[in-house]
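Here is the structure we will look at.
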Amino acid sequence: MRHRLILGSLLAVLAGCASVELPHRPGTGTPAQQPGGSVEKPASESTGRLKPMPLRTFTVSTECKFRDETGNFGNAKVDVLNSKVRALNVVLTMPKRGVCRYDLAQFRQTQALPSIELTGNKNCRIRMWEQGEQITVSFADCHTMCSPNSAHDYVWPLLIDKPTGECD
């Protein structure tokens, strides 16, 4: 009896994962409308594959100060022209946690496309990319840029609004 319950539960779970094909309208190649008015559309009409995002450079220049809801604050100077970093100076302060300082002199640019990458000591990396009207600046494995080193565990990405130059 116990084996039947386990088998029945397993079949119910698997049935919930099953996919259902929608019937197609004859001669159109498009899915038929389902009860309730919803229509399932393919991801791409022509090939069924997603197209890659085009590679393109970006430009941003700002000097900004910021403070977040948790009390962290800082300032940043970021100057990028056609995905070439010309200036970078970011100071992030996390009260009771520490301070992190990132300066372009401590890094070399190792990539411009599809996103910018700066490489520093001990595999510290700063990455920048554009998403809509926003530039994201992220910091990875940069404990040596912080005092104390553990402050890096509390660092969030810097977000720059391209039209206004404001940052969070």
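By order of appearance in the structure tokens: chains A, B, ..., then residues from 1 within every chain, and ligands from 1 in the order shown.
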Which of region 30-167 of chain A counts as strand (DSSP E or B) under DSSP, as a PyMOL selection string please? chain A and resi 31+60-67+73-81+84-94+98-103+108-111+116-119+125-131+134-140+146-147+158-161+167
Nearby residues (only C-alpha atoms) at most 8 Å from Tyr102 (chain A), same-chain spacing under 4 positions excluded, as a PDB file with N, CA and C atoms, in the first residue's frame:
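Contents of the output file result-v5.pdb:
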```pdb
ATOM      1  N   LEU A  88      38.121  56.764 -13.026  1.00  0.00           N
ATOM      2  CA  LEU A  88      37.294  55.997 -12.094  1.00  0.00           C
ATOM      3  C   LEU A  88      37.845  56.231 -10.701  1.00  0.00           C
ATOM      4  N   ASN A  89      36.994  56.719  -9.831  1.00  0.00           N
ATOM      5  CA  ASN A  89      37.347  56.874  -8.430  1.00  0.00           C
ATOM      6  C   ASN A  89      36.056  56.709  -7.644  1.00  0.00           C
ATOM      7  N   VAL A  90      35.952  55.622  -6.893  1.00  0.00           N
ATOM      8  CA  VAL A  90      34.737  55.314  -6.135  1.00  0.00           C
ATOM      9  C   VAL A  90      35.140  55.066  -4.685  1.00  0.00           C
ATOM     10  N   VAL A  91      34.434  55.716  -3.770  1.00  0.00           N
ATOM     11  CA  VAL A  91      34.619  55.489  -2.342  1.00  0.00           C
ATOM     12  C   VAL A  91      33.261  55.093  -1.779  1.00  0.00           C
ATOM     13  N   GLN A 106      44.793  51.656  -9.917  1.00  0.00           N
ATOM     14  CA  GLN A 106      45.017  50.323  -9.363  1.00  0.00           C
ATOM     15  C   GLN A 106      44.545  49.211 -10.312  1.00  0.00           C
ATOM     16  N   MET A 145      40.744  46.078  -1.468  1.00  0.00           N
ATOM     17  CA  MET A 145      40.448  47.500  -1.672  1.00  0.00           C
ATOM     18  C   MET A 145      39.668  48.070  -0.482  1.00  0.00           C
TER      19      MET A 145
END
```
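If you measure from each of A:Ala151, A:Cys124, A:Cys100, A:Ile160 to Asp79 (chain A) using only C-alpha atoms, the closest one turns out to be A:Ile160.
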With distances taken over only C-alpha atoms, the candidate from A:Ile116, A:Val80, A:Ile126, A:Val99 nearest Lys162 (chain A) is A:Val80
Nearby residues (only C-alpha atoms) at most 12 Å from Asn123 (chain A), same-chain spacing under 6 positions excluded, as an MDAnalysis selection string: chainID A and resid 106:108 110 117 139:145
Mind dumping the selected residues with N, CA and C atoms as a compact mmCIF listing (two decimals), in the first residue's frame?
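Writing the result to part-v6.txt gives the following:
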```
# COMPACT_ATOMS: atom_id res chain seq x y z
N GLN A 106 44.79 51.66 -9.92
CA GLN A 106 45.02 50.32 -9.36
C GLN A 106 44.55 49.21 -10.31
N PHE A 107 44.05 49.59 -11.48
CA PHE A 107 43.46 48.63 -12.41
C PHE A 107 43.98 48.84 -13.82
N ARG A 108 43.80 47.83 -14.65
CA ARG A 108 44.02 47.96 -16.09
C ARG A 108 42.77 47.43 -16.79
N THR A 110 40.83 45.33 -19.20
CA THR A 110 41.10 44.08 -19.90
C THR A 110 40.00 43.71 -20.90
N GLU A 117 35.56 45.54 -18.43
CA GLU A 117 36.14 44.84 -17.29
C GLU A 117 37.49 45.47 -16.97
N PHE A 139 31.61 45.21 -8.37
CA PHE A 139 32.93 44.96 -7.78
C PHE A 139 32.98 43.50 -7.34
N ALA A 140 33.98 42.75 -7.80
CA ALA A 140 34.07 41.32 -7.47
C ALA A 140 35.47 40.99 -6.97
N ASP A 141 35.53 40.25 -5.88
CA ASP A 141 36.79 39.77 -5.29
C ASP A 141 37.75 40.92 -4.98
N CYS A 142 37.22 42.02 -4.47
CA CYS A 142 38.04 43.20 -4.21
C CYS A 142 38.24 43.46 -2.72
N HIS A 143 38.41 42.43 -1.95
CA HIS A 143 38.60 42.57 -0.50
C HIS A 143 39.79 43.46 -0.15
N THR A 144 40.85 43.40 -0.97
CA THR A 144 42.06 44.17 -0.67
C THR A 144 41.84 45.68 -0.85
N MET A 145 40.74 46.08 -1.47
CA MET A 145 40.45 47.50 -1.67
C MET A 145 39.67 48.07 -0.48
```
Using only C-alpha atoms, determine which residues lie at most 12 Å from Asp68 (chain A), disregarding the query and same-chain residues fewer than 2 positions distant; provide the list as number ranges by chain. A: 65-66, 70-75, 92-95, 155-159, 167-168
Go ahead and write the residues just picked, N, CA, C and O atoms, as a compact mmCIF listing (two decimals), in the first residue's frame.
```txt
# COMPACT_ATOMS: atom_id res chain seq x y z
N LYS A 65 27.29 61.86 -5.57
CA LYS A 65 27.28 61.40 -4.19
C LYS A 65 25.98 60.65 -3.98
O LYS A 65 24.98 60.96 -4.62
N PHE A 66 26.00 59.69 -3.07
CA PHE A 66 24.79 58.89 -2.85
C PHE A 66 24.72 58.40 -1.42
O PHE A 66 25.72 58.38 -0.70
N THR A 70 20.00 51.87 3.85
CA THR A 70 20.66 51.22 4.99
C THR A 70 21.68 52.12 5.67
O THR A 70 22.28 51.72 6.65
N GLY A 71 21.90 53.32 5.12
CA GLY A 71 22.87 54.24 5.71
C GLY A 71 24.23 54.23 5.02
O GLY A 71 25.09 55.04 5.34
N ASN A 72 24.43 53.32 4.08
CA ASN A 72 25.68 53.31 3.32
C ASN A 72 25.73 54.56 2.44
O ASN A 72 24.69 55.01 1.93
N PHE A 73 26.92 55.10 2.24
CA PHE A 73 27.03 56.29 1.40
C PHE A 73 28.37 56.28 0.68
O PHE A 73 29.24 55.46 0.95
N GLY A 74 28.50 57.21 -0.26
CA GLY A 74 29.75 57.29 -0.98
C GLY A 74 29.73 58.35 -2.05
O GLY A 74 28.78 59.12 -2.18
N ASN A 75 30.82 58.37 -2.83
CA ASN A 75 30.89 59.26 -3.97
C ASN A 75 31.65 58.55 -5.08
O ASN A 75 32.40 57.61 -4.83
N LEU A 92 33.19 53.90 -1.19
CA LEU A 92 31.96 53.39 -0.59
C LEU A 92 32.18 53.25 0.91
O LEU A 92 33.14 52.61 1.34
N THR A 93 31.30 53.83 1.70
CA THR A 93 31.40 53.76 3.15
C THR A 93 30.19 53.02 3.70
O THR A 93 29.05 53.41 3.42
N MET A 94 30.45 51.97 4.46
CA MET A 94 29.41 51.20 5.11
C MET A 94 29.62 51.39 6.62
O MET A 94 30.53 50.77 7.19
N PRO A 95 28.84 52.28 7.26
CA PRO A 95 29.04 52.55 8.68
C PRO A 95 29.08 51.25 9.50
O PRO A 95 28.30 50.33 9.26
N VAL A 155 29.42 45.28 -0.03
CA VAL A 155 29.40 46.19 -1.18
C VAL A 155 28.33 45.76 -2.17
O VAL A 155 28.24 44.59 -2.54
N TRP A 156 27.51 46.73 -2.59
CA TRP A 156 26.51 46.52 -3.63
C TRP A 156 26.98 47.21 -4.90
O TRP A 156 27.79 48.13 -4.85
N PRO A 157 26.45 46.83 -6.07
CA PRO A 157 26.82 47.53 -7.30
C PRO A 157 26.40 49.00 -7.26
O PRO A 157 25.42 49.35 -6.60
N LEU A 158 27.15 49.82 -7.95
CA LEU A 158 26.83 51.22 -8.12
C LEU A 158 25.97 51.36 -9.37
O LEU A 158 26.32 50.80 -10.42
N LEU A 159 24.86 52.06 -9.27
CA LEU A 159 23.96 52.28 -10.41
C LEU A 159 24.00 53.74 -10.79
O LEU A 159 23.80 54.62 -9.95
N CYS A 167 23.58 58.78 -9.02
CA CYS A 167 23.93 57.38 -8.75
C CYS A 167 23.35 56.91 -7.42
O CYS A 167 23.05 57.71 -6.54
N ASP A 168 23.22 55.61 -7.33
CA ASP A 168 22.73 54.92 -6.12
C ASP A 168 23.75 53.89 -5.71
O ASP A 168 24.28 53.18 -6.50
```
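Atom pair CA of Val78 (chain A) / CA of Ser138 (chain A) has a distance of 12.7 Å (rounded to one decimal).
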